[in-house]
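**Q** See upload-v2.txt below, with compact mmCIF, C-alpha atoms.
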```
# COMPACT_ATOMS: atom_id res chain seq x y z
CA MET W 1 91.47 390.42 -110.28
CA LEU W 2 95.02 389.14 -110.60
CA LYS W 3 94.96 387.91 -107.05
CA GLN W 4 91.67 386.10 -107.60
CA THR W 5 92.88 384.30 -110.72
CA GLU W 6 96.10 383.19 -109.03
CA GLN W 7 94.47 381.92 -105.87
CA PRO W 8 93.29 378.50 -107.12
CA SER W 9 96.66 377.54 -108.57
CA SER W 10 98.55 378.66 -105.47
CA ALA W 11 96.18 376.79 -103.21
CA SER W 12 96.21 373.61 -105.26
CA PRO W 13 99.56 372.14 -104.07
CA SER W 14 98.45 372.44 -100.44
CA ARG W 15 94.92 371.24 -100.97
CA TYR W 16 95.51 368.16 -98.83
CA ALA W 17 98.24 369.58 -96.58
CA HIS W 18 95.85 369.42 -93.63
CA ALA W 19 95.85 365.62 -93.92
CA TRP W 20 99.27 365.41 -92.23
CA ARG W 21 99.35 368.65 -90.23
CA ALA W 22 100.06 366.82 -86.94
CA LEU W 23 103.45 365.76 -88.34
CA ARG W 24 104.72 369.32 -88.01
CA HIS W 25 105.19 368.51 -84.30
CA ARG W 26 108.58 366.90 -83.62
CA ASN W 27 107.30 364.65 -80.82
CA PHE W 28 104.51 363.28 -82.97
CA ARG W 29 106.90 362.68 -85.88
CA LEU W 30 109.11 360.59 -83.58
CA TYR W 31 106.09 358.68 -82.30
CA PHE W 32 104.79 358.13 -85.82
CA THR W 33 108.13 356.67 -86.95
CA GLY W 34 108.63 354.40 -83.95
CA GLN W 35 105.07 353.11 -83.97
CA SER W 36 105.16 352.43 -87.71
CA ILE W 37 107.89 349.88 -87.06
CA SER W 38 106.70 348.43 -83.75
CA LEU W 39 103.06 347.90 -84.74
CA ILE W 40 103.99 345.59 -87.61
CA GLY W 41 105.53 343.25 -85.04
CA THR W 42 102.48 343.60 -82.80
CA TRP W 43 100.13 342.44 -85.56
CA MET W 44 102.48 339.61 -86.47
CA THR W 45 102.24 338.41 -82.86
CA ARG W 46 98.44 338.59 -82.83
CA VAL W 47 98.14 336.39 -85.90
CA ALA W 48 100.91 334.03 -84.77
CA THR W 49 99.30 333.58 -81.35
CA SER W 50 95.93 332.63 -82.84
CA TRP W 51 97.53 330.21 -85.29
CA LEU W 52 99.77 328.67 -82.59
CA VAL W 53 96.82 328.10 -80.26
CA TYR W 54 94.74 326.53 -82.99
CA ARG W 55 97.65 324.37 -84.19
CA LEU W 56 98.34 323.09 -80.68
CA THR W 57 94.73 322.51 -79.60
CA GLY W 58 92.38 322.63 -82.61
CA SER W 59 89.87 324.20 -80.23
CA ALA W 60 87.65 327.19 -80.97
CA LEU W 61 86.92 327.42 -77.24
CA LEU W 62 90.59 327.78 -76.34
CA LEU W 63 90.98 330.51 -78.94
CA GLY W 64 88.35 332.37 -76.97
CA VAL W 65 90.04 331.55 -73.65
CA VAL W 66 93.38 332.96 -74.81
CA GLY W 67 91.65 336.11 -76.07
CA PHE W 68 89.87 336.39 -72.72
CA ALA W 69 93.11 336.02 -70.74
CA GLY W 70 94.85 338.63 -72.85
CA GLN W 71 92.18 341.27 -72.39
CA ILE W 72 90.45 340.74 -69.03
CA PRO W 73 93.20 342.64 -67.12
CA THR W 74 92.29 345.73 -69.15
CA PHE W 75 88.66 345.48 -68.05
CA LEU W 76 89.62 345.07 -64.40
CA LEU W 77 92.45 347.59 -64.17
CA ALA W 78 91.77 350.29 -66.78
CA PRO W 79 89.92 352.71 -64.42
CA PHE W 80 92.77 352.56 -61.89
CA ALA W 81 95.30 352.89 -64.71
CA GLY W 82 93.48 356.02 -65.87
CA VAL W 83 93.96 357.64 -62.48
CA LEU W 84 97.69 356.86 -62.61
CA VAL W 85 97.90 358.28 -66.14
CA ASP W 86 96.53 361.58 -64.81
CA ARG W 87 99.05 361.52 -61.94
CA LEU W 88 102.27 360.32 -63.61
CA ASN W 89 104.59 361.38 -66.40
CA ARG W 90 102.88 359.79 -69.41
CA ARG W 91 106.03 359.51 -71.51
CA ASN W 92 107.91 357.61 -68.78
CA LEU W 93 104.92 355.33 -68.23
CA LEU W 94 104.88 354.44 -71.93
CA VAL W 95 108.61 353.70 -71.96
CA TRP W 96 108.13 351.10 -69.23
CA THR W 97 105.08 349.50 -70.85
CA GLN W 98 106.96 349.16 -74.15
CA VAL W 99 110.01 347.60 -72.50
CA LEU W 100 107.84 345.07 -70.66
CA ALA W 101 105.84 344.28 -73.80
CA GLY W 102 109.08 343.61 -75.68
CA LEU W 103 110.28 341.24 -72.96
CA GLN W 104 106.93 339.40 -73.07
CA SER W 105 107.22 338.85 -76.81
CA LEU W 106 110.80 337.60 -76.51
CA ALA W 107 109.75 335.18 -73.76
CA ILE W 108 107.04 333.57 -75.88
CA ALA W 109 109.48 333.52 -78.83
CA VAL W 110 112.07 331.55 -76.84
CA LEU W 111 109.51 329.03 -75.60
CA THR W 112 108.03 328.55 -79.07
CA LEU W 113 111.37 328.19 -80.85
CA ALA W 114 112.48 325.69 -78.20
CA LYS W 115 109.27 323.72 -78.93
CA VAL W 116 108.38 323.53 -75.25
CA ILE W 117 105.50 326.01 -75.14
CA THR W 118 102.12 324.83 -73.84
CA ILE W 119 98.65 326.31 -73.89
CA HIS W 120 99.00 327.18 -70.18
CA GLU W 121 102.10 329.27 -70.87
CA ILE W 122 100.37 331.02 -73.77
CA ILE W 123 97.45 331.92 -71.50
CA ALA W 124 99.79 333.19 -68.76
CA LEU W 125 101.87 335.31 -71.13
CA SER W 126 98.73 336.65 -72.81
CA ALA W 127 97.44 337.70 -69.38
CA PHE W 128 100.73 339.48 -68.71
CA GLN W 129 100.41 341.37 -71.99
CA GLY W 130 96.86 342.32 -70.99
CA LEU W 131 98.20 343.72 -67.72
CA ILE W 132 100.66 345.87 -69.66
CA ASN W 133 97.95 347.05 -72.07
CA ALA W 134 95.73 348.17 -69.19
CA PHE W 135 98.26 350.93 -68.50
CA ASP W 136 99.66 351.40 -71.99
CA MET W 137 96.44 352.13 -73.87
CA PRO W 138 95.01 354.98 -71.75
CA GLY W 139 98.54 356.35 -71.40
CA ARG W 140 99.08 356.27 -75.16
CA GLN W 141 95.73 357.88 -75.96
CA SER W 142 96.20 360.60 -73.34
CA PHE W 143 99.79 361.30 -74.45
CA LEU W 144 98.65 362.14 -77.99
CA VAL W 145 97.54 365.60 -76.89
CA GLN W 146 101.01 366.27 -75.42
CA MET W 147 102.67 365.22 -78.66
CA VAL W 148 100.80 367.96 -80.53
CA SER W 149 101.57 370.66 -77.97
CA ASP W 150 103.75 373.72 -78.52
CA ASP W 151 107.14 374.26 -76.86
CA THR W 152 105.50 375.55 -73.69
CA GLY W 153 103.32 372.45 -73.34
CA LYS W 154 100.09 374.15 -74.46
CA PRO W 155 98.00 371.66 -76.49
CA GLU W 156 97.17 372.66 -80.06
CA LYS W 157 93.84 370.90 -80.20
CA GLN W 158 93.23 371.78 -83.81
CA ASP W 159 95.88 369.15 -84.61
CA LEU W 160 94.58 366.52 -82.17
CA SER W 161 91.95 365.03 -84.48
CA ASN W 162 94.54 364.73 -87.24
CA ALA W 163 96.99 363.05 -84.85
CA ILE W 164 94.32 360.51 -83.89
CA ALA W 165 93.54 359.82 -87.55
CA LEU W 166 97.23 359.47 -88.47
CA ASN W 167 97.76 357.20 -85.47
CA SER W 168 94.88 355.07 -86.73
CA SER W 169 96.48 355.08 -90.17
CA ILE W 170 99.75 353.60 -88.93
CA VAL W 171 97.87 351.07 -86.81
CA ASN W 172 96.05 349.91 -89.90
CA MET W 173 99.04 350.06 -92.19
CA ALA W 174 100.61 347.65 -89.71
CA ARG W 175 97.36 345.70 -89.67
CA LEU W 176 97.72 345.36 -93.42
CA VAL W 177 101.43 344.47 -93.51
CA GLY W 178 101.76 342.55 -90.24
CA PRO W 179 99.25 339.71 -90.79
CA SER W 180 100.37 339.17 -94.37
CA LEU W 181 104.00 339.04 -93.28
CA ALA W 182 103.05 336.76 -90.39
CA GLY W 183 101.38 334.33 -92.79
CA LEU W 184 104.58 334.13 -94.85
CA VAL W 185 106.83 333.73 -91.79
CA ILE W 186 104.61 331.09 -90.17
CA ALA W 187 104.48 329.08 -93.38
CA ALA W 188 108.27 329.32 -93.84
CA VAL W 189 109.80 328.99 -90.37
CA GLY W 190 107.00 328.87 -87.77
CA GLU W 191 105.30 331.14 -85.25
CA GLY W 192 108.34 331.63 -82.99
CA TYR W 193 110.07 333.98 -85.40
CA CYS W 194 107.01 336.23 -85.50
CA PHE W 195 107.26 336.66 -81.74
CA ALA W 196 111.01 337.34 -82.00
CA ILE W 197 110.51 340.02 -84.66
CA ASP W 198 107.87 341.65 -82.47
CA GLY W 199 110.15 341.68 -79.42
CA VAL W 200 112.94 343.41 -81.34
CA SER W 201 110.54 345.92 -82.94
CA TYR W 202 109.75 347.49 -79.56
CA ILE W 203 113.23 349.03 -79.58
CA ALA W 204 112.05 351.54 -82.20
CA VAL W 205 109.18 352.93 -80.16
CA VAL W 206 111.24 353.03 -76.92
CA VAL W 207 113.96 355.05 -78.68
CA SER W 208 111.37 357.41 -80.20
CA LEU W 209 109.84 358.06 -76.77
CA LEU W 210 113.22 358.74 -75.17
CA MET W 211 114.09 361.25 -77.90
CA MET W 212 110.96 363.35 -77.28
CA ARG W 213 111.09 366.75 -75.59
CA VAL W 214 108.22 366.94 -73.13
CA PRO W 215 108.01 370.22 -71.16
CA PRO W 216 107.98 369.62 -67.37
CA SER W 217 104.89 371.82 -67.06
CA THR W 218 102.81 369.09 -68.72
CA VAL W 219 103.27 366.79 -65.70
CA LYS W 220 100.58 367.62 -63.14
CA ARG W 221 100.70 366.58 -59.50
CA ALA W 222 97.56 365.19 -57.88
CA THR W 223 95.99 367.11 -55.01
CA THR W 224 93.30 364.53 -54.15
CA SER W 225 93.34 360.84 -53.29
CA MET W 226 93.37 358.10 -55.91
CA LEU W 227 89.90 356.90 -54.88
CA GLU W 228 88.51 360.42 -55.10
CA GLN W 229 89.95 360.82 -58.58
CA LEU W 230 88.49 357.46 -59.57
CA ARG W 231 85.05 358.51 -58.36
CA GLU W 232 85.34 361.89 -60.11
CA GLY W 233 86.24 360.27 -63.43
CA TRP W 234 83.38 357.77 -63.22
CA SER W 235 80.89 360.51 -62.33
CA TYR W 236 81.96 362.61 -65.31
CA VAL W 237 81.66 359.74 -67.81
CA VAL W 238 78.29 358.57 -66.47
CA ASN W 239 76.69 362.01 -66.32
CA PHE W 240 77.98 363.50 -69.58
CA ARG W 241 75.54 362.13 -72.12
CA PRO W 242 77.55 362.29 -75.39
CA ILE W 243 80.51 360.35 -73.97
CA ARG W 244 78.25 357.93 -72.09
CA THR W 245 76.21 357.18 -75.23
CA ILE W 246 79.25 356.65 -77.47
CA LEU W 247 80.98 354.42 -74.93
CA THR W 248 77.82 352.36 -74.39
CA LEU W 249 77.49 351.71 -78.12
CA PHE W 250 81.06 350.60 -78.53
CA ALA W 251 81.06 348.53 -75.38
CA LEU W 252 78.32 346.55 -77.14
CA LEU W 253 80.27 346.43 -80.42
CA SER W 254 83.39 345.34 -78.55
CA LEU W 255 81.49 342.63 -76.71
CA MET W 256 79.61 341.24 -79.69
CA GLY W 257 81.48 342.24 -82.83
CA MET W 258 85.20 342.75 -82.46
CA PRO W 259 86.00 339.21 -81.21
CA PHE W 260 85.42 338.01 -84.80
CA ILE W 261 89.22 338.20 -85.07
CA VAL W 262 89.74 335.23 -82.74
CA LEU W 263 87.62 333.06 -85.05
CA MET W 264 89.59 333.92 -88.20
CA PRO W 265 91.78 330.77 -88.02
CA ILE W 266 88.60 328.66 -88.18
CA PHE W 267 87.27 330.57 -91.19
CA ALA W 268 90.66 330.29 -92.90
CA SER W 269 91.05 326.54 -92.36
CA GLN W 270 87.55 325.04 -92.11
CA VAL W 271 85.16 327.42 -93.87
CA LEU W 272 87.43 328.58 -96.71
CA HIS W 273 89.67 325.48 -96.70
CA GLY W 274 92.96 327.39 -96.64
CA GLY W 275 95.99 327.77 -94.38
CA PRO W 276 98.21 330.48 -92.87
CA HIS W 277 98.22 332.40 -96.16
CA THR W 278 94.41 332.52 -96.18
CA LEU W 279 94.42 333.80 -92.61
CA GLY W 280 96.87 336.50 -93.62
CA TYR W 281 94.69 337.48 -96.59
CA LEU W 282 91.59 337.80 -94.40
CA MET W 283 93.34 339.86 -91.76
CA GLY W 284 95.03 341.92 -94.48
CA ALA W 285 91.69 342.66 -96.18
CA SER W 286 90.27 343.88 -92.90
CA GLY W 287 93.39 346.01 -92.51
CA VAL W 288 92.94 347.57 -95.96
CA GLY W 289 89.39 348.59 -95.11
CA ALA W 290 90.53 350.02 -91.78
CA LEU W 291 93.41 351.88 -93.42
CA VAL W 292 91.09 353.47 -96.01
CA SER W 293 88.83 354.53 -93.14
CA ALA W 294 91.69 356.08 -91.19
CA LEU W 295 92.96 357.97 -94.25
CA SER W 296 89.47 359.31 -94.94
CA LEU W 297 89.39 360.67 -91.39
CA ALA W 298 92.84 362.26 -91.81
CA LEU W 299 91.49 364.22 -94.79
CA ARG W 300 88.79 365.80 -92.64
CA LYS W 301 89.40 369.36 -91.47
CA SER W 302 87.04 369.25 -88.51
CA VAL W 303 85.30 366.95 -86.06
CA ARG W 304 81.96 368.11 -87.43
CA GLY W 305 79.81 365.21 -88.55
CA LEU W 306 81.70 362.48 -86.72
CA THR W 307 78.81 361.41 -84.51
CA THR W 308 76.82 360.56 -87.62
CA MET W 309 79.85 358.70 -89.01
CA ILE W 310 79.80 356.60 -85.82
CA GLN W 311 76.22 355.63 -86.66
CA ILE W 312 77.08 354.72 -90.26
CA ALA W 313 80.17 352.79 -89.16
CA ALA W 314 78.19 350.67 -86.69
CA VAL W 315 75.69 349.73 -89.42
CA MET W 316 78.51 348.76 -91.80
CA PHE W 317 80.26 346.73 -89.13
CA GLY W 318 77.20 344.72 -88.10
CA SER W 319 75.97 344.14 -91.66
CA GLY W 320 79.44 343.13 -92.83
CA LEU W 321 79.75 340.51 -90.09
CA ILE W 322 76.35 338.99 -90.87
CA LEU W 323 77.18 338.66 -94.56
CA PHE W 324 80.68 337.35 -93.81
CA GLY W 325 79.12 334.53 -91.82
CA LEU W 326 77.10 333.58 -94.89
CA SER W 327 80.03 333.62 -97.33
CA ARG W 328 81.79 330.43 -98.45
CA HIS W 329 83.94 332.00 -101.18
CA LEU W 330 87.32 333.57 -100.53
CA ALA W 331 86.87 336.53 -102.89
CA LEU W 332 83.52 337.48 -101.35
CA SER W 333 84.87 336.98 -97.84
CA LEU W 334 87.79 339.32 -98.58
CA LEU W 335 85.40 341.98 -99.89
CA LEU W 336 83.28 341.69 -96.76
CA MET W 337 86.39 341.93 -94.58
CA LEU W 338 87.11 345.24 -96.30
CA ILE W 339 83.67 346.49 -95.22
CA VAL W 340 84.05 345.12 -91.70
CA GLY W 341 87.49 346.69 -91.32
CA PHE W 342 86.27 350.05 -92.63
CA GLY W 343 83.25 350.11 -90.32
CA MET W 344 85.25 349.00 -87.30
CA MET W 345 87.99 351.60 -87.70
CA GLN W 346 85.66 354.43 -88.73
CA GLY W 347 83.73 353.95 -85.53
CA LEU W 348 86.79 353.55 -83.32
CA ALA W 349 88.70 356.56 -84.65
CA ALA W 350 85.65 358.82 -84.95
CA SER W 351 84.54 358.11 -81.41
CA ASN W 352 88.10 358.57 -80.10
CA THR W 353 88.26 361.96 -81.79
CA VAL W 354 84.90 363.12 -80.43
CA ILE W 355 85.69 361.94 -76.89
CA GLN W 356 89.17 363.52 -76.86
CA THR W 357 87.70 366.76 -78.20
CA LEU W 358 85.12 366.90 -75.43
CA ALA W 359 87.20 365.59 -72.51
CA PRO W 360 88.81 368.18 -70.19
CA GLU W 361 92.60 367.86 -69.88
CA ASP W 362 92.58 367.21 -66.12
CA LYS W 363 90.34 364.15 -66.63
CA ARG W 364 91.74 362.96 -69.96
CA GLY W 365 93.55 359.91 -68.59
CA ARG W 366 90.49 358.71 -66.71
CA VAL W 367 88.12 359.34 -69.61
CA MET W 368 90.43 357.47 -71.98
CA SER W 369 90.69 354.61 -69.49
CA TYR W 370 86.93 354.11 -69.84
CA TYR W 371 87.36 354.35 -73.60
CA THR W 372 89.95 351.56 -73.25
CA MET W 373 87.59 349.65 -70.98
CA ALA W 374 84.71 349.93 -73.44
CA PHE W 375 86.65 348.96 -76.56
CA VAL W 376 89.26 346.56 -75.22
CA GLY W 377 87.99 345.63 -71.77
CA MET W 378 84.74 344.20 -73.09
CA THR W 379 86.50 342.18 -75.77
CA PRO W 380 87.62 339.34 -73.42
CA PHE W 381 84.01 338.56 -72.60
CA GLY W 382 83.26 338.76 -76.30
CA SER W 383 86.19 336.46 -77.12
CA LEU W 384 84.94 333.92 -74.61
CA LEU W 385 81.38 334.29 -75.92
CA ALA W 386 82.56 333.95 -79.52
CA GLY W 387 84.47 330.79 -78.63
CA VAL W 388 81.43 329.30 -76.90
CA LEU W 389 79.07 330.21 -79.77
CA ALA W 390 81.50 328.83 -82.36
CA HIS W 391 81.92 325.63 -80.35
CA ARG W 392 78.15 325.21 -80.07
CA PHE W 393 76.85 326.52 -83.42
CA GLY W 394 79.94 326.82 -85.62
CA ALA W 395 82.00 329.91 -86.46
CA PRO W 396 79.76 331.19 -89.32
CA HIS W 397 76.62 331.20 -87.18
CA ALA W 398 78.53 332.74 -84.26
CA VAL W 399 79.62 335.70 -86.41
CA MET W 400 76.10 336.15 -87.78
CA ILE W 401 74.61 336.24 -84.28
CA THR W 402 77.13 338.78 -83.01
CA GLY W 403 76.74 340.89 -86.15
CA ALA W 404 72.98 341.08 -85.55
CA PHE W 405 73.60 342.48 -82.07
CA CYS W 406 75.93 345.12 -83.54
CA PHE W 407 73.24 346.15 -86.00
CA ALA W 408 70.74 346.45 -83.14
CA GLY W 409 73.22 348.63 -81.25
CA ALA W 410 73.44 350.96 -84.25
CA ALA W 411 69.63 351.26 -84.26
CA TRP W 412 69.65 352.20 -80.56
CA TYR W 413 72.37 354.78 -81.08
CA THR W 414 70.28 356.38 -83.84
CA THR W 415 67.54 357.08 -81.30
CA GLN W 416 70.05 358.95 -79.11
CA LEU W 417 71.55 361.22 -81.76
CA ARG W 418 69.16 364.14 -81.32
CA SER W 419 69.77 364.41 -77.58
CA ILE W 420 73.57 364.21 -77.77
CA ARG W 421 73.60 366.81 -80.57
CA ALA W 422 71.75 369.19 -78.27
CA VAL W 423 74.41 368.78 -75.58
CA MET W 424 77.37 369.02 -77.95
CA ARG W 425 76.21 372.09 -79.91
CA PRO W 426 77.00 374.75 -77.23
CA ILE W 427 80.34 373.07 -76.47
CA TYR W 428 81.36 373.13 -80.13
CA ILE W 429 80.26 376.75 -80.42
CA GLU W 430 82.41 377.67 -77.41
CA MET W 431 85.39 375.84 -78.97
CA GLY W 432 84.87 377.62 -82.27
CA ILE W 433 84.05 374.42 -84.17
CA LEU W 434 80.64 375.93 -84.88
CA LYS W 435 80.76 379.65 -85.56
CA ASN W 436 77.28 380.63 -84.43
CA PRO W 437 74.09 379.10 -82.98
CA SER W 438 72.22 379.36 -86.30
CA GLU W 439 74.79 377.28 -88.20
CA PRO W 440 73.42 373.94 -89.51
CA VAL W 441 73.62 371.05 -87.10
CA LEU W 442 77.14 369.63 -87.31
CA GLU W 443 76.03 366.02 -87.60
CA GLU W 444 74.01 366.81 -90.71
CA GLN W 445 77.25 367.57 -92.56
CA ALA W 446 78.82 364.15 -92.00
CA GLY W 447 79.99 363.87 -95.55
CA THR W 448 81.89 367.14 -95.58
CA ASN W 449 85.25 368.22 -94.25
```
Mind turning this structure into structure tokens?
**A**
Amino acid sequence: MLKQTEQPSSASPSRYAHAWRALRHRNFRLYFTGQSISLIGTWMTRVATSWLVYRLTGSALLLGVVGFAGQIPTFLLAPFAGVLVDRLNRRNLLVWTQVLAGLQSLAIAVLTLAKVITIHEIIALSAFQGLINAFDMPGRQSFLVQMVSDDTGKPEKQDLSNAIALNSSIVNMARLVGPSLAGLVIAAVGEGYCFAIDGVSYIAVVVSLLMMRVPPSTVKRATTSMLEQLREGWSYVVNFRPIRTILTLFALLSLMGMPFIVLMPIFASQVLHGGPHTLGYLMGASGVGALVSALSLALRKSVRGLTTMIQIAAVMFGSGLILFGLSRHLALSLLLMLIVGFGMMQGLAASNTVIQTLAPEDKRGRVMSYYTMAFVGMTPFGSLLAGVLAHRFGAPHAVMITGAFCFAGAAWYTTQLRSIRAVMRPIYIEMGILKNPSEPVLEEQAGTN
């Protein structure tokens, strides 16, 4: 009886300890620290680029063109990059992508501060950054599992979902701080200093990567040709229904919904009659919603229920965009950006977790390259489409149209849930996520940990 009465009080201090369990791994702690610094600069650059383009051109179409140039290389190269990620040392690959990304930011900083930058140079440098991202993103996603491995290189997959959620948390903490800081810096001294801060911030993540201890056994040598590996990865993604369904949904959301970001300068200046500060507030509100979403995922103890959360997130994302297009008041727009940010990040992080849980280690780089292709690779077409729609119908109507497509995608995904649950159930039982075949369907417990 004594033991039973003491149990609640002894368990209380560690009630939420699982929310940061991935940080017990040294490599992930280093990554977490370096990324926390670097990502603030990244988000400052994103906002500064949009504002610079709009200041120089005043064109919604060119906002879409710059977004297209910065992301089309990911669409074209991500599958090939995924093969390389499965063949190369992932840590070394990330060191090079971070160094090159830092040099790109410093280059645009110098041109902007010298007041000689043109829209053509912005497009070219954005395309270069897109080329870097094509290799960086699948490499980064695939390397997460190595950062939560033991000293022998054996992945501890029970910590992987938490690592993904914590990674999303720092992305969105930066999304919250970066745009707001960018608005202040742009208003005070101009866009060039945002780019300079970003360039310097890459030093933190490069140092953190170099300090990691990655066992040599985690680097696997390819035994088949690159084309054969490419075909094998494509065949797996196409034929495995849960991953195919999730990637199809978010390819649609990426195409139609996520490019709303490139239109934010228009909403800030023309719809809400503000300036750089208003843009920072809007982006910051979206970041708060995304951060809350990421933290809620970190508190989860299991991947159970995440496919239903993907469904809910898609509905929130599409509905939020439609209502945002109707809003003409800053306070309401900020509230809706909270909803949009929450729905966007909940879907992204939940789907990432499910896919990484299901993907076999020998195909992880290739699977995550298609994840990158679906979420980032489709965005350039969406950015271009958003620019065209905003040029033709105005930014509010453009966002409402794209939001409606996102809502329709959520409805389609709902019709697929039963079939993907049937495929995932035996896999989750084998992994120990479900204890026995008679246990309630995992997706029906979406609100639990």
**Q** Fewer than 4 positions away in the same chain doesn't count, so skip those; otherwise give me all residues within 8 Å of Val99 of chain W, counting all atoms listed in the file, as a PyMOL selection string.
**A** chain W and resi 95+103+202-203+206
**Q** Rounded to one decimal in Å, what is the spacing between atom CA of Ile108 of chain W and atom CA of Met137 of chain W?
**A**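 Atom CA of Met137 of chain W lies at a distance of 21.5 Å from atom CA of Ile108 of chain W.
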**Q** So the first atom is atom CA of Leu61 of chain W and the second is atom CA of Lys115 of chain W; what is the distance between them in Å, to one decimal place?
**A** 22.7 Å
**Q** Extract, using only C-alpha atoms, all DNA, RNA and protein residues at most 9 Å from Ser351 of chain W, discarding same-chain residues fewer than 5 positions from it, and format them as a list in words.
**A**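 So, after excluding close chain neighbours, the residues are Ile243, Ile246, Leu247, Phe250, Leu306, Thr307, Met309, Ile310, Gln346 and Gln356 of chain W.
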**Q** Rank W:Leu323, W:Ala78, W:Leu297, W:Ile429 by their smallest atom-to-atom distance to Val340 of chain W, using all atoms listed in the file, and report the top residue only.
**A** W:Leu323
**Q** Quote the spacing between atom CA of Asp362 of chain W and atom CA of Asp86 of chain W in Å to one decimal place.
**A**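 Taking atom CA of Asp362 of chain W and atom CA of Asp86 of chain W, their separation equals 7.0 Å.
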**Q** Could you add whatever atoms are missing so that segment 403-420 of chain W carries N, CA and C atoms, then write the result as a PDB file, in the frame of the given file?
**A**
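The file below, out-v2.pdb, is the result:
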```pdb
ATOM      1  N   GLY W 403      76.975 339.791 -85.234  1.00  0.00           N
ATOM      2  CA  GLY W 403      76.740 340.890 -86.150  1.00  0.00           C
ATOM      3  C   GLY W 403      75.342 341.478 -86.006  1.00  0.00           C
ATOM      4  N   ALA W 404      74.360 340.608 -85.746  1.00  0.00           N
ATOM      5  CA  ALA W 404      72.980 341.080 -85.550  1.00  0.00           C
ATOM      6  C   ALA W 404      72.881 341.977 -84.324  1.00  0.00           C
ATOM      7  N   PHE W 405      73.602 341.639 -83.269  1.00  0.00           N
ATOM      8  CA  PHE W 405      73.600 342.480 -82.070  1.00  0.00           C
ATOM      9  C   PHE W 405      74.235 343.839 -82.362  1.00  0.00           C
ATOM     10  N   CYS W 406      75.293 343.854 -83.169  1.00  0.00           N
ATOM     11  CA  CYS W 406      75.930 345.120 -83.540  1.00  0.00           C
ATOM     12  C   CYS W 406      74.964 346.004 -84.318  1.00  0.00           C
ATOM     13  N   PHE W 407      74.212 345.405 -85.225  1.00  0.00           N
ATOM     14  CA  PHE W 407      73.240 346.150 -86.000  1.00  0.00           C
ATOM     15  C   PHE W 407      72.164 346.735 -85.085  1.00  0.00           C
ATOM     16  N   ALA W 408      71.734 345.953 -84.101  1.00  0.00           N
ATOM     17  CA  ALA W 408      70.740 346.450 -83.140  1.00  0.00           C
ATOM     18  C   ALA W 408      71.299 347.610 -82.335  1.00  0.00           C
ATOM     19  N   GLY W 409      72.597 347.530 -81.978  1.00  0.00           N
ATOM     20  CA  GLY W 409      73.220 348.630 -81.250  1.00  0.00           C
ATOM     21  C   GLY W 409      73.233 349.913 -82.073  1.00  0.00           C
ATOM     22  N   ALA W 410      73.467 349.794 -83.371  1.00  0.00           N
ATOM     23  CA  ALA W 410      73.440 350.960 -84.250  1.00  0.00           C
ATOM     24  C   ALA W 410      72.049 351.590 -84.271  1.00  0.00           C
ATOM     25  N   ALA W 411      71.012 350.751 -84.268  1.00  0.00           N
ATOM     26  CA  ALA W 411      69.630 351.260 -84.260  1.00  0.00           C
ATOM     27  C   ALA W 411      69.354 352.029 -82.971  1.00  0.00           C
ATOM     28  N   TRP W 412      69.825 351.493 -81.836  1.00  0.00           N
ATOM     29  CA  TRP W 412      69.650 352.200 -80.560  1.00  0.00           C
ATOM     30  C   TRP W 412      70.364 353.541 -80.561  1.00  0.00           C
ATOM     31  N   TYR W 413      71.589 353.550 -81.041  1.00  0.00           N
ATOM     32  CA  TYR W 413      72.370 354.780 -81.080  1.00  0.00           C
ATOM     33  C   TYR W 413      71.668 355.857 -81.914  1.00  0.00           C
ATOM     34  N   THR W 414      71.010 355.443 -82.984  1.00  0.00           N
ATOM     35  CA  THR W 414      70.280 356.380 -83.840  1.00  0.00           C
ATOM     36  C   THR W 414      69.217 357.125 -83.050  1.00  0.00           C
ATOM     37  N   THR W 415      68.576 356.431 -82.101  1.00  0.00           N
ATOM     38  CA  THR W 415      67.540 357.080 -81.300  1.00  0.00           C
ATOM     39  C   THR W 415      68.117 358.105 -80.319  1.00  0.00           C
ATOM     40  N   GLN W 416      69.423 358.044 -80.071  1.00  0.00           N
ATOM     41  CA  GLN W 416      70.050 358.950 -79.110  1.00  0.00           C
ATOM     42  C   GLN W 416      70.707 360.172 -79.754  1.00  0.00           C
ATOM     43  N   LEU W 417      70.797 360.174 -81.077  1.00  0.00           N
ATOM     44  CA  LEU W 417      71.550 361.220 -81.760  1.00  0.00           C
ATOM     45  C   LEU W 417      71.033 362.627 -81.470  1.00  0.00           C
ATOM     46  N   ARG W 418      69.727 362.801 -81.510  1.00  0.00           N
ATOM     47  CA  ARG W 418      69.160 364.140 -81.320  1.00  0.00           C
ATOM     48  C   ARG W 418      69.541 364.715 -79.961  1.00  0.00           C
ATOM     49  N   SER W 419      69.477 363.899 -78.926  1.00  0.00           N
ATOM     50  CA  SER W 419      69.770 364.410 -77.580  1.00  0.00           C
ATOM     51  C   SER W 419      71.250 364.724 -77.394  1.00  0.00           C
ATOM     52  N   ILE W 420      72.145 363.911 -77.960  1.00  0.00           N
ATOM     53  CA  ILE W 420      73.570 364.210 -77.770  1.00  0.00           C
ATOM     54  C   ILE W 420      73.993 365.404 -78.637  1.00  0.00           C
TER      55      ILE W 420
END
```
